[in-house]
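This report refers to the structure that appears directly beneath it.
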Amino acid sequence: MTSPRQQAAARRTAVPSRRAVLATVPVALAALVTAAGPAAAGTTGSSGAGDPYFPLAGNGGYHVRHYGLTLRHTSAAQLQGKAVLSARATQRLTRFDLDFKGLKVTRLTVDGTTAEFSRNGQELVVTPRHALRKGQDFKVTVTYHGTPKPVTDPDGSADGWIPTDDGAFVAGEPQGAMTWFPANNHPRDKSSYDITITVPRGRTAVANGVLLGQSTAHGETTFRWRQTEPMAAYLATATVGEFKVERYTTRDGIQVYNAVDAREASAAAPVLKKLPSVLEWESKLFGPYPFRAAGSIVDHAPDVGYALETQSRPVYDSAPDLGTLVHENAHQWFGDSVSLTSWKDIWLNEGFATYAEWLYSEQHGGDSAQKTFDALYARPASNGLWAFPPGDPGSGAHIFDTPVYARGAMTLHELRRAVGDPVFFRILRAWAAEHHDGHGTTAQFVKLAERESGKDLDALFHTWLYQTGKPNRV
Ligand code: ARG
Ligand code: ZN
């Protein structure tokens with residue numbers, strides 16, 4: 001069966017996976033490996049946030065409260081950048097890491113004083129002149145330039161700053177943020193952002209949040225964007241292209257900014273027209289839209305193969321279909337406002353956004369969620385849908401595979417059948433409300449669902465999230 005929704009899902013996951021490249025690392029072992037070793041004497045920030053799938057992603061020892069990024073992107077695809085990270089030490093630090101890959105660093109200061117730094121793969125290792133006290137606020141300023149290149153994810157897809165014929169498609173899930181700015185590159189650390197981008201006149205640079213202003217001088221235009229609500233680094237964008245821009249404010253007071261590549265404009269128009277009604281519908285179901293800004297970036301980036309729920313303004317590699325628009329905007333609640341603490345929990349993002357597509361169809365004259373579920377459930381045990389359970393993708397190579405999206409959504413459907421519609425929708429709203437601008441884990445979701453329903457749901461979640469092979473229906 002190939003409904004438009006599943007084609008959309010297939011498109012998002014079209015990149016062939018290299019199976020079983022990474023062995024599963026037990027969590028405790030990974031934590032041990034990535035934690036600062038004895039030689040560090042407890043004053044070196046660790047090189048990773050402790051994520052078993054991406055051990056070097058993020059860093060330990062500090063929290064970034066705000067990123068101030070000032071970028072210039074030229075017609076020769078050069079990027080010049082200055083990043084000011086306002087951070088707070090969570091331990092005494094004689095040394096700490098940032099994640100940053102590729103671009104050349106020409107100057108680095110901590111609180112205005114030049115600091116020593118070295119590069120080791122994706123780790124930018126910083127030794128400040130003076131040790132930082134636990135609890136101390138500090139500012140790191142990194143000046144850099146070069147030709148940014150994307151990284152290749154374990155699933156084979158390009159991620160990060162991806163050059164296009166008229167600028168760049170910029171999306172960073174799960175790792176790519178570090179290809180264009182130095183970051184604490186794990187969703188555990190959320191921050192506010194100011195992103196200022198200068199591009200050749202005629203091009204538009206679109207980032208997250210609200211456009212504070214734009215000005216043109218000497219053949220270049222500068223765009224100033226502000227994302228006030230906390231955001232994970234992977235959700236930042238600074239997509240550059242020749243775009244047609246449309247701006248308006250919704251009835252709920254959300255500032256919408258749509259930027260569309262002319263080559264995608266006619267296909268995108270009927271779908272983008274539905275954005276206000278989609279956001280309204282999702283707000284009714286999930287609770288108030290979590291950000292003050294919204295919109296869409298519709299690029300023409302034929303090599304990318306996916307869209308991303310960049311915060312407040314998803315980025316699409318081509319004109320999205322309606323299911324994809326619903327999906328990426330549902331992520332604003334599930335994934336963006338409520339963030340992961342570990343990539344293993346990815347079904348909390350993709351299962352929820354996929355189920356939003358099923359619900360949209362059900363409530364807009366299309367297939368019911370039950371029908372979508374049944375068609376999937378009819379797939380034989382040998383089908384890739386049952387290759388692994390969504391709560392345990394096994395490695396970063398599988399976090400965007402079909403079981404995460406489709407069986408993740410099936411898990412929510414089974415929850416809905418078990419608790420009934422009123423309780424189910426209360427669960428979704430409570431999840432979005434209680435964890436908004438924060439984080440959530442699978443264990444917390446199960447607990448919340450049990451609290452709201454008064455039912456023991458362990459067996460249901462165990463079966464659908466963790467049991468290998470095709471589950472028997474309960
Ligand atoms: N989160 C995106 C979605 O809406 C998919 C991102 C895929 N990224 C990747 N590097 N394969 O489904
Ligand atoms: Zn998604």
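A note on labels: chains of the structure tokens are A, B, ... as shown, every chain counts residues from 1, and ligands are counted from 1 in their shown order.
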
Taking only C-alpha atoms and all ligand atoms into account, list the residues no farther than 7 Å from ligand 1, as an mmCIF file with N, CA and C atoms, in the first residue's frame.
data_model
loop_
_atom_site.group_PDB
_atom_site.id
_atom_site.type_symbol
_atom_site.label_atom_id
_atom_site.label_comp_id
_atom_site.auth_asym_id
_atom_site.auth_seq_id
_atom_site.Cartn_x
_atom_site.Cartn_y
_atom_site.Cartn_z
ATOM 1 N N ARG A 12 11.274 10.680 3.263
ATOM 2 C CA ARG A 12 12.138 11.173 4.326
ATOM 3 C C ARG A 12 13.176 10.142 4.727
ATOM 4 N N THR A 13 12.895 8.897 4.446
ATOM 5 C CA THR A 13 13.819 7.859 4.878
ATOM 6 C C THR A 13 14.410 7.133 3.674
ATOM 7 N N ASP A 153 26.006 11.199 7.826
ATOM 8 C CA ASP A 153 25.477 10.509 9.000
ATOM 9 C C ASP A 153 25.658 9.002 8.876
ATOM 10 N N ASP A 155 23.491 6.922 8.675
ATOM 11 C CA ASP A 155 22.516 6.373 7.708
ATOM 12 C C ASP A 155 22.853 6.756 6.270
ATOM 13 N N SER A 157 23.148 9.829 4.971
ATOM 14 C CA SER A 157 22.648 11.105 4.451
ATOM 15 C C SER A 157 23.553 12.268 4.831
ATOM 16 N N ALA A 158 23.496 13.304 4.005
ATOM 17 C CA ALA A 158 24.278 14.520 4.251
ATOM 18 C C ALA A 158 23.554 15.357 5.299
ATOM 19 N N ASP A 159 24.310 15.976 6.168
ATOM 20 C CA ASP A 159 23.747 16.630 7.345
ATOM 21 C C ASP A 159 24.602 17.847 7.687
ATOM 22 N N GLU A 173 20.185 17.636 11.769
ATOM 23 C CA GLU A 173 19.830 16.475 12.588
ATOM 24 C C GLU A 173 20.511 15.198 12.078
ATOM 25 N N PRO A 174 21.200 14.455 12.907
ATOM 26 C CA PRO A 174 21.420 14.748 14.327
ATOM 27 C C PRO A 174 22.714 15.517 14.635
ATOM 28 N N TYR A 306 15.451 14.889 2.370
ATOM 29 C CA TYR A 306 14.593 14.938 3.563
ATOM 30 C C TYR A 306 14.247 16.379 3.922
ATOM 31 N N ALA A 307 13.255 16.506 4.777
ATOM 32 C CA ALA A 307 12.899 17.801 5.352
ATOM 33 C C ALA A 307 13.303 17.766 6.816
ATOM 34 N N LEU A 308 13.404 18.926 7.440
ATOM 35 C CA LEU A 308 13.713 18.949 8.867
ATOM 36 C C LEU A 308 12.856 19.979 9.578
ATOM 37 N N GLU A 309 12.492 19.622 10.804
ATOM 38 C CA GLU A 309 11.623 20.452 11.639
ATOM 39 C C GLU A 309 12.401 21.573 12.318
ATOM 40 N N HIS A 327 3.512 16.912 9.400
ATOM 41 C CA HIS A 327 4.546 16.197 10.145
ATOM 42 C C HIS A 327 5.577 17.165 10.744
ATOM 43 N N GLU A 328 6.160 18.000 9.910
ATOM 44 C CA GLU A 328 7.241 18.880 10.400
ATOM 45 C C GLU A 328 6.708 19.898 11.411
ATOM 46 N N GLU A 350 9.661 11.081 16.023
ATOM 47 C CA GLU A 350 9.156 10.641 14.718
ATOM 48 C C GLU A 350 7.847 9.863 14.816
ATOM 49 N N PHE A 400 16.374 6.968 11.708
ATOM 50 C CA PHE A 400 15.357 7.495 10.784
ATOM 51 C C PHE A 400 14.768 6.390 9.903
#

Extract, using only C-alpha atoms, all DNA, RNA and protein residues at most 6 Å from Thr44 (chain A), discarding same-chain residues fewer than 6 positions from it, and format them as an MDAnalysis selection string.
chainID A and resid 93:96

Emit the selected residues as an mmCIF file, in the first residue's frame, including all heavy atoms.
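Full text of out_24.cif as output:
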data_model
loop_
_atom_site.group_PDB
_atom_site.id
_atom_site.type_symbol
_atom_site.label_atom_id
_atom_site.label_comp_id
_atom_site.auth_asym_id
_atom_site.auth_seq_id
_atom_site.Cartn_x
_atom_site.Cartn_y
_atom_site.Cartn_z
ATOM 1 N N LEU A 93 36.367 24.040 35.582
ATOM 2 C CA LEU A 93 36.874 23.680 34.254
ATOM 3 C C LEU A 93 38.248 24.296 34.002
ATOM 4 O O LEU A 93 38.384 25.520 33.973
ATOM 5 C CB LEU A 93 35.917 24.190 33.166
ATOM 6 C CG LEU A 93 34.597 23.451 32.929
ATOM 7 C CD1 LEU A 93 33.751 24.205 31.903
ATOM 8 C CD2 LEU A 93 34.842 22.015 32.470
ATOM 9 N N THR A 94 39.226 23.433 33.795
ATOM 10 C CA THR A 94 40.511 23.930 33.306
ATOM 11 C C THR A 94 40.578 23.791 31.787
ATOM 12 O O THR A 94 41.431 24.367 31.135
ATOM 13 C CB THR A 94 41.670 23.121 33.922
ATOM 14 O OG1 THR A 94 41.435 21.728 33.675
ATOM 15 C CG2 THR A 94 41.762 23.366 35.424
ATOM 16 N N ARG A 95 39.648 23.007 31.264
ATOM 17 C CA ARG A 95 39.617 22.728 29.837
ATOM 18 C C ARG A 95 38.209 22.259 29.496
ATOM 19 O O ARG A 95 37.545 21.622 30.315
ATOM 20 C CB ARG A 95 40.607 21.598 29.555
ATOM 21 C CG ARG A 95 41.133 21.546 28.154
ATOM 22 C CD ARG A 95 42.064 20.366 28.036
ATOM 23 N NE ARG A 95 41.282 19.195 27.646
ATOM 24 C CZ ARG A 95 41.796 17.968 27.555
ATOM 25 N NH1 ARG A 95 43.060 17.732 27.852
ATOM 26 N NH2 ARG A 95 41.042 16.980 27.172
ATOM 27 N N PHE A 96 37.733 22.604 28.321
ATOM 28 C CA PHE A 96 36.433 22.094 27.884
ATOM 29 C C PHE A 96 36.427 21.980 26.363
ATOM 30 O O PHE A 96 37.290 22.535 25.685
ATOM 31 C CB PHE A 96 35.301 23.011 28.368
ATOM 32 C CG PHE A 96 35.366 24.422 27.835
ATOM 33 C CD1 PHE A 96 34.766 24.771 26.630
ATOM 34 C CD2 PHE A 96 36.061 25.405 28.542
ATOM 35 C CE1 PHE A 96 34.846 26.065 26.148
ATOM 36 C CE2 PHE A 96 36.140 26.710 28.049
ATOM 37 C CZ PHE A 96 35.533 27.038 26.855
#

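Using only C-alpha atoms for every distance, the candidate list A:Ala353, A:Leu85, A:Val105, A:Val245 yields A:Val245 as the residue closest to Gly202 (chain A).
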
Those of region 277-366 of chain A in DSSP helix (DSSP H, G or I), formatted as a PyMOL selection string:
chain A and resi 277-286+322-330+343-345+347-363

Output C-alpha atoms of each residue in that selection to a file, as a short mmCIF file (atom, residue, chain, number, x, y, z; two decimals), in the first residue's frame.
data_model
loop_
_atom_site.label_atom_id
_atom_site.label_comp_id
_atom_site.auth_asym_id
_atom_site.auth_seq_id
_atom_site.Cartn_x
_atom_site.Cartn_y
_atom_site.Cartn_z
CA SER A 277 -5.24 25.94 9.47
CA VAL A 278 -2.73 23.14 10.15
CA LEU A 279 -1.24 25.09 13.07
CA GLU A 280 -4.71 25.82 14.39
CA TRP A 281 -5.72 22.18 14.13
CA GLU A 282 -2.51 21.03 15.82
CA SER A 283 -2.97 23.63 18.57
CA LYS A 284 -6.44 22.26 19.28
CA LEU A 285 -5.04 18.76 19.55
CA PHE A 286 -1.67 19.34 21.25
CA LEU A 322 0.40 18.21 3.00
CA GLY A 323 1.39 15.18 5.09
CA THR A 324 4.96 16.44 5.33
CA LEU A 325 3.79 19.93 6.30
CA VAL A 326 1.64 18.41 9.06
CA HIS A 327 4.55 16.20 10.15
CA GLU A 328 7.24 18.88 10.40
CA ASN A 329 4.92 21.28 12.20
CA ALA A 330 3.81 18.59 14.65
CA TRP A 343 18.88 9.81 20.34
CA LYS A 344 17.70 6.33 21.28
CA ASP A 345 14.35 7.94 22.22
CA TRP A 347 10.43 7.59 18.40
CA LEU A 348 9.23 10.37 20.76
CA ASN A 349 9.88 12.69 17.81
CA GLU A 350 9.16 10.64 14.72
CA GLY A 351 6.41 8.38 16.04
CA PHE A 352 4.47 11.41 17.30
CA ALA A 353 4.92 13.47 14.11
CA THR A 354 3.88 10.47 12.01
CA TYR A 355 0.82 9.86 14.18
CA ALA A 356 -0.09 13.53 13.68
CA GLU A 357 -0.23 12.77 9.93
CA TRP A 358 -2.57 9.84 10.56
CA LEU A 359 -4.80 11.98 12.77
CA TYR A 360 -4.86 14.77 10.22
CA SER A 361 -5.97 12.38 7.53
CA GLU A 362 -8.63 10.88 9.80
CA GLN A 363 -10.09 14.27 10.65
#

Just asking: which residues within region 165-291 of chain A are strand (DSSP E) according to DSSP, as a PyMOL selection string?
chain A and resi 167-171+190-200+204-206+210-217+220-232+239-241+243-249+255-261

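Residue nearest ligand 2, chosen from A:Ala449, A:Val315, A:Val110, A:Ala369 and counting only C-alpha atoms and all ligand atoms: A:Val315.
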
With a cut-off of 12 Å, could you pull out the residues of region 288-342 of chain A touching region 191-197 of chain A and give me the nearest pair of atoms for each, distance in Å to one decimal, using only C-alpha atoms, ordered by chain and ascending number, as a tab-separated table?
residue	atom	partner	partner_atom	distance
A:Gln311	CA	A:Tyr193	CA	11.0
A:Asp336	CA	A:Ser191	CA	11.9
A:Ser337	CA	A:Ser191	CA	11.7
A:Ser339	CA	A:Ser191	CA	12.0

Dump of C-alpha atoms for the selected residues, as an mmCIF file, in the first residue's frame:
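Saved as again30.cif:
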data_model
loop_
_atom_site.group_PDB
_atom_site.id
_atom_site.type_symbol
_atom_site.label_atom_id
_atom_site.label_comp_id
_atom_site.auth_asym_id
_atom_site.auth_seq_id
_atom_site.Cartn_x
_atom_site.Cartn_y
_atom_site.Cartn_z
ATOM 1 C CA GLN A 311 12.612 25.236 15.136
ATOM 2 C CA ASP A 336 11.416 20.887 19.306
ATOM 3 C CA SER A 337 9.593 22.201 22.375
ATOM 4 C CA SER A 339 13.398 17.613 23.297
#

Would you compute the distance between CA of Asp458 (chain A) and CA of Val404 (chain A)? Give it in Å to one decimal.
19.1 Å

For Pro314 (chain A), the nearest of the candidates A:Ala236, A:Ala430, A:Val271, A:Leu465, counting only C-alpha atoms
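Nearest to Pro314 (chain A): A:Ala236.
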
Find, counting only C-alpha atoms and all ligand atoms, the residue in A:Gly335, A:Gly48, A:Pro55, A:Pro320 that gets nearest to ligand 2.
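With only C-alpha atoms and all ligand atoms as the atom set, the closest residue is A:Gly335.
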
Selected residue, from A:Arg379, A:Tyr234, A:Ala418, A:Glu452, that lies nearest to Pro471 (chain A) when counting only C-alpha atoms
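Closest to Pro471 (chain A) of all the choices is A:Arg379.
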
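Among the candidates A:Ser46, A:Thr411, A:Thr179, A:Ser318, the residue lying nearest to Tyr466 (chain A) is A:Thr411 (atoms considered: only C-alpha atoms).
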